[in-house]
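Working notes for the structure below.
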Amino acid sequence: MNQIIKKTRNKIANQKKKYLFLGVILLCGIISGILFLFFISKEDKSLVKDELNLFFQSITEKKLNYFTSFWNSIGSNFLFLLFLWILGISIIGIPVIIFFLFLKGFIFGFSFSSIVSIYDLKGFLLAFFYLVPHHLLLLVLFLLVSFYAINFSIRLLQVLFLKQNISLSHHFKRYCQILGIGILGITVCSLLEVFAVPFFLDFFL
């Protein structure tokens with residue numbers, strides 16, 4: 001009984017360490033994205049400003065194509081999710097998963113700092129309502145999928161190279177469930193991004 005409790009505690013501790021590691025990777029990506037704005041040229045900053053102005057103008061002038069925006073959002077996020085998931089069933093996918101999680105954090109940090117830098121105090125409110133509701137949820141979702149992708153990849157290594165007796169079918173079933181949860185989460189995030197976020201942004205533009 002004591003051995004079972006000890007194994008359970010060790011397993012929980014290891015899971016926490018993995019989550020903490022991935023959380024640090026994501027945080028490093030966000031910080032890098034924020035700092036990156038200070039190193040790009042004035043021309044690049046001008047291009048970013050033009051793109052943001054064009055986007056926010058489409059909201060204020062009610063020119064946003066909701067249907068197209070929704071499918072673009074759900075399509076790009078689904079492809080990223082599927083890519084992470086497929087990497088989990090490849091033996092060499094772990095470093096790529098870590099890199100792409102960092103990249104997601106980088107994009108979030110760069111987007112946030114760009115909006116705040118260009119629009120000052122109003123930019124903080126714009127960045128908050130534009131990024132926080134759905135992007136933070138997406139980051140948590142990708143963190144979860146990355147965790148399970150790395151776990152499944154480790155299981156494959158244990159079975160193929162260490163010849164451990166592990167039921168891959170059980171782990172794969174759970175891994176497929178994670179993909180289903182991811183698809184559901186992406187759908188909710190895309191709905192928030194396209195239909196709810198522009199409504200709130202309209203108050204500050």
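We name chains A, B, ... following the order of the structure tokens; residues begin at 1 in each chain, and ligands are numbered from 1 as shown.
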Test item: residues at most 10 Å from Leu156 in chain A, only C-alpha atoms, excluding those fewer than 2 positions along its chain, as number ranges by chain: A: 88-91, 150-154, 158-164, 166, 168, 171
Residues of the last selection are to be written out with N, CA and C atoms, as a PDB file, in the first residue's frame.
```
ATOM      1  N   GLY A  88       3.291  14.283 -31.441  1.00  0.00           N
ATOM      2  CA  GLY A  88       3.268  13.406 -30.273  1.00  0.00           C
ATOM      3  C   GLY A  88       3.367  11.931 -30.616  1.00  0.00           C
ATOM      4  N   ILE A  89       2.949  11.559 -31.824  1.00  0.00           N
ATOM      5  CA  ILE A  89       3.047  10.155 -32.221  1.00  0.00           C
ATOM      6  C   ILE A  89       4.300   9.889 -33.059  1.00  0.00           C
ATOM      7  N   SER A  90       5.161  10.889 -33.110  1.00  0.00           N
ATOM      8  CA  SER A  90       6.474  10.704 -33.734  1.00  0.00           C
ATOM      9  C   SER A  90       7.525  10.693 -32.630  1.00  0.00           C
ATOM     10  N   ILE A  91       8.528   9.910 -32.806  1.00  0.00           N
ATOM     11  CA  ILE A  91       9.527   9.747 -31.749  1.00  0.00           C
ATOM     12  C   ILE A  91      10.411  10.985 -31.604  1.00  0.00           C
ATOM     13  N   ILE A 150       3.962  15.248 -25.542  1.00  0.00           N
ATOM     14  CA  ILE A 150       5.279  14.842 -25.038  1.00  0.00           C
ATOM     15  C   ILE A 150       5.169  13.543 -24.242  1.00  0.00           C
ATOM     16  N   ASN A 151       4.112  13.442 -23.429  1.00  0.00           N
ATOM     17  CA  ASN A 151       3.900  12.214 -22.655  1.00  0.00           C
ATOM     18  C   ASN A 151       3.746  10.995 -23.553  1.00  0.00           C
ATOM     19  N   PHE A 152       2.945  11.151 -24.618  1.00  0.00           N
ATOM     20  CA  PHE A 152       2.726  10.016 -25.512  1.00  0.00           C
ATOM     21  C   PHE A 152       4.005   9.652 -26.267  1.00  0.00           C
ATOM     22  N   SER A 153       4.760  10.665 -26.642  1.00  0.00           N
ATOM     23  CA  SER A 153       6.024  10.431 -27.328  1.00  0.00           C
ATOM     24  C   SER A 153       7.003   9.673 -26.429  1.00  0.00           C
ATOM     25  N   ILE A 154       6.993  10.008 -25.150  1.00  0.00           N
ATOM     26  CA  ILE A 154       7.845   9.307 -24.179  1.00  0.00           C
ATOM     27  C   ILE A 154       7.404   7.843 -24.036  1.00  0.00           C
ATOM     28  N   GLN A 158       9.579   4.450 -24.623  1.00  0.00           N
ATOM     29  CA  GLN A 158       9.697   3.398 -23.614  1.00  0.00           C
ATOM     30  C   GLN A 158       9.347   2.028 -24.183  1.00  0.00           C
ATOM     31  N   VAL A 159       8.344   1.996 -25.078  1.00  0.00           N
ATOM     32  CA  VAL A 159       7.925   0.720 -25.661  1.00  0.00           C
ATOM     33  C   VAL A 159       8.903   0.252 -26.733  1.00  0.00           C
ATOM     34  N   LEU A 160       9.321   1.153 -27.621  1.00  0.00           N
ATOM     35  CA  LEU A 160      10.132   0.769 -28.774  1.00  0.00           C
ATOM     36  C   LEU A 160      11.596   0.517 -28.430  1.00  0.00           C
ATOM     37  N   PHE A 161      12.135   1.318 -27.511  1.00  0.00           N
ATOM     38  CA  PHE A 161      13.577   1.224 -27.245  1.00  0.00           C
ATOM     39  C   PHE A 161      13.910   0.621 -25.879  1.00  0.00           C
ATOM     40  N   LEU A 162      13.056   0.877 -24.894  1.00  0.00           N
ATOM     41  CA  LEU A 162      13.319   0.314 -23.565  1.00  0.00           C
ATOM     42  C   LEU A 162      12.546  -0.974 -23.324  1.00  0.00           C
ATOM     43  N   LYS A 163      11.692  -1.344 -24.296  1.00  0.00           N
ATOM     44  CA  LYS A 163      10.932  -2.599 -24.254  1.00  0.00           C
ATOM     45  C   LYS A 163      10.086  -2.739 -22.981  1.00  0.00           C
ATOM     46  N   GLN A 164       9.551  -1.616 -22.528  1.00  0.00           N
ATOM     47  CA  GLN A 164       8.689  -1.658 -21.350  1.00  0.00           C
ATOM     48  C   GLN A 164       7.298  -2.139 -21.742  1.00  0.00           C
ATOM     49  N   ILE A 166       3.962  -1.510 -21.728  1.00  0.00           N
ATOM     50  CA  ILE A 166       2.999  -0.418 -21.560  1.00  0.00           C
ATOM     51  C   ILE A 166       1.870  -0.597 -22.570  1.00  0.00           C
ATOM     52  N   LEU A 168      -0.137   0.743 -25.009  1.00  0.00           N
ATOM     53  CA  LEU A 168      -0.209   1.928 -25.866  1.00  0.00           C
ATOM     54  C   LEU A 168      -1.627   2.239 -26.309  1.00  0.00           C
ATOM     55  N   HIS A 171      -3.269   4.493 -23.752  1.00  0.00           N
ATOM     56  CA  HIS A 171      -2.732   5.855 -23.810  1.00  0.00           C
ATOM     57  C   HIS A 171      -3.149   6.563 -25.100  1.00  0.00           C
TER      58      HIS A 171
END
```
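The closest residue to Phe200 in chain A, picked from A:Ser146, A:Ser73, A:Thr60, A:Asn165 and counting only C-alpha atoms, is A:Thr60.
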Can you build me a table of range 97-173 of chain A residues sitting at most 9 Å from range 47-56 of chain A, with the closest atom pair per residue and its distance in Å to one decimal, using only C-alpha atoms, sorted by chain and residue number, as CSV?
```
residue,atom,partner,partner_atom,distance
A:Ser114,CA,A:Val48,CA,7.5
A:Ile115,CA,A:Leu52,CA,7.7
A:Ile118,CA,A:Lys49,CA,6.7
```
Residue subset to file, keeping N, CA and C atoms, as a compact mmCIF listing (two decimals), in the first residue's frame:
```txt
# COMPACT_ATOMS: atom_id res chain seq x y z
N SER A 114 3.05 45.22 -29.12
CA SER A 114 2.86 46.06 -30.30
C SER A 114 1.65 46.97 -30.14
N ILE A 115 0.55 46.40 -29.68
CA ILE A 115 -0.68 47.18 -29.51
C ILE A 115 -0.49 48.24 -28.43
N ILE A 118 1.86 51.11 -29.69
CA ILE A 118 1.30 51.99 -30.72
C ILE A 118 0.16 52.86 -30.19
```
Pick from A:Phe142, A:Phe172, A:Phe36, A:Phe147 nearest to Ile107 in chain A, counting only C-alpha atoms: A:Phe36
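Between CA of Leu79 in chain A and CA of Phe195 in chain A the interatomic distance comes to 21.0 Å.
For the set A:Val145, A:Phe199, A:Leu157, A:Leu191, the residue with the smallest atom-to-atom gap to Arg174 in chain A is A:Val145, counting only C-alpha atoms.
Contact shell of Ile178 in chain A at 9 Å (only C-alpha atoms; same-chain neighbours under 5 positions omitted): Trp85, Leu144, Val145, Tyr148, Lys173 and Ile183 of chain A.
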Restricted to N, CA and C atoms, what would the selected residues look like written as a PDB file, in the first residue's frame?
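That gives us result.pdb:
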```
ATOM      1  N   TRP A  85      -0.332  17.462 -32.269  1.00  0.00           N
ATOM      2  CA  TRP A  85      -0.826  16.113 -31.950  1.00  0.00           C
ATOM      3  C   TRP A  85      -0.048  15.060 -32.736  1.00  0.00           C
ATOM      4  N   LEU A 144      -1.692  22.286 -22.716  1.00  0.00           N
ATOM      5  CA  LEU A 144      -2.249  20.989 -22.349  1.00  0.00           C
ATOM      6  C   LEU A 144      -1.946  19.940 -23.424  1.00  0.00           C
ATOM      7  N   VAL A 145      -2.182  20.297 -24.684  1.00  0.00           N
ATOM      8  CA  VAL A 145      -1.933  19.365 -25.787  1.00  0.00           C
ATOM      9  C   VAL A 145      -0.443  19.032 -25.889  1.00  0.00           C
ATOM     10  N   TYR A 148       0.478  16.433 -23.230  1.00  0.00           N
ATOM     11  CA  TYR A 148       0.069  15.064 -23.569  1.00  0.00           C
ATOM     12  C   TYR A 148       0.818  14.534 -24.785  1.00  0.00           C
ATOM     13  N   LYS A 173      -5.926   6.046 -26.786  1.00  0.00           N
ATOM     14  CA  LYS A 173      -7.339   6.398 -26.642  1.00  0.00           C
ATOM     15  C   LYS A 173      -7.487   7.721 -25.890  1.00  0.00           C
ATOM     16  N   ILE A 183     -10.093  20.355 -30.168  1.00  0.00           N
ATOM     17  CA  ILE A 183     -10.946  20.851 -31.260  1.00  0.00           C
ATOM     18  C   ILE A 183     -12.116  21.652 -30.697  1.00  0.00           C
TER      19      ILE A 183
END
```
Please list as a PDB file with N, CA and C atoms, in the first residue's frame every residue within 10 Å of Lys62 in chain A, counting only C-alpha atoms and excluding residues in the same chain fewer than 4 positions away.
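And here is the file that came out, out01.pdb:
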```pdb
ATOM      1  N   PHE A  56      -8.209  47.286 -36.985  1.00  0.00           N
ATOM      2  CA  PHE A  56      -9.137  47.999 -36.104  1.00  0.00           C
ATOM      3  C   PHE A  56     -10.111  48.881 -36.895  1.00  0.00           C
ATOM      4  N   GLN A  57      -9.660  49.390 -38.025  1.00  0.00           N
ATOM      5  CA  GLN A  57     -10.534  50.184 -38.890  1.00  0.00           C
ATOM      6  C   GLN A  57     -11.659  49.319 -39.465  1.00  0.00           C
ATOM      7  N   SER A  58     -11.337  48.081 -39.808  1.00  0.00           N
ATOM      8  CA  SER A  58     -12.364  47.181 -40.337  1.00  0.00           C
ATOM      9  C   SER A  58     -13.437  46.888 -39.291  1.00  0.00           C
ATOM     10  N   TYR A  66     -17.282  38.252 -40.877  1.00  0.00           N
ATOM     11  CA  TYR A  66     -17.292  37.334 -39.739  1.00  0.00           C
ATOM     12  C   TYR A  66     -17.149  35.874 -40.168  1.00  0.00           C
ATOM     13  N   PRO A 198     -14.636  41.668 -31.232  1.00  0.00           N
ATOM     14  CA  PRO A 198     -14.911  42.934 -31.937  1.00  0.00           C
ATOM     15  C   PRO A 198     -15.981  43.776 -31.265  1.00  0.00           C
ATOM     16  N   ASP A 202     -15.060  47.622 -30.003  1.00  0.00           N
ATOM     17  CA  ASP A 202     -15.791  48.761 -30.565  1.00  0.00           C
ATOM     18  C   ASP A 202     -15.980  49.885 -29.563  1.00  0.00           C
TER      19      ASP A 202
END
```
Which one of A:Ala149, A:Ser41, A:Leu126, A:Gln15 sits closest to Val96 in chain A if you count only C-alpha atoms? A:Ala149
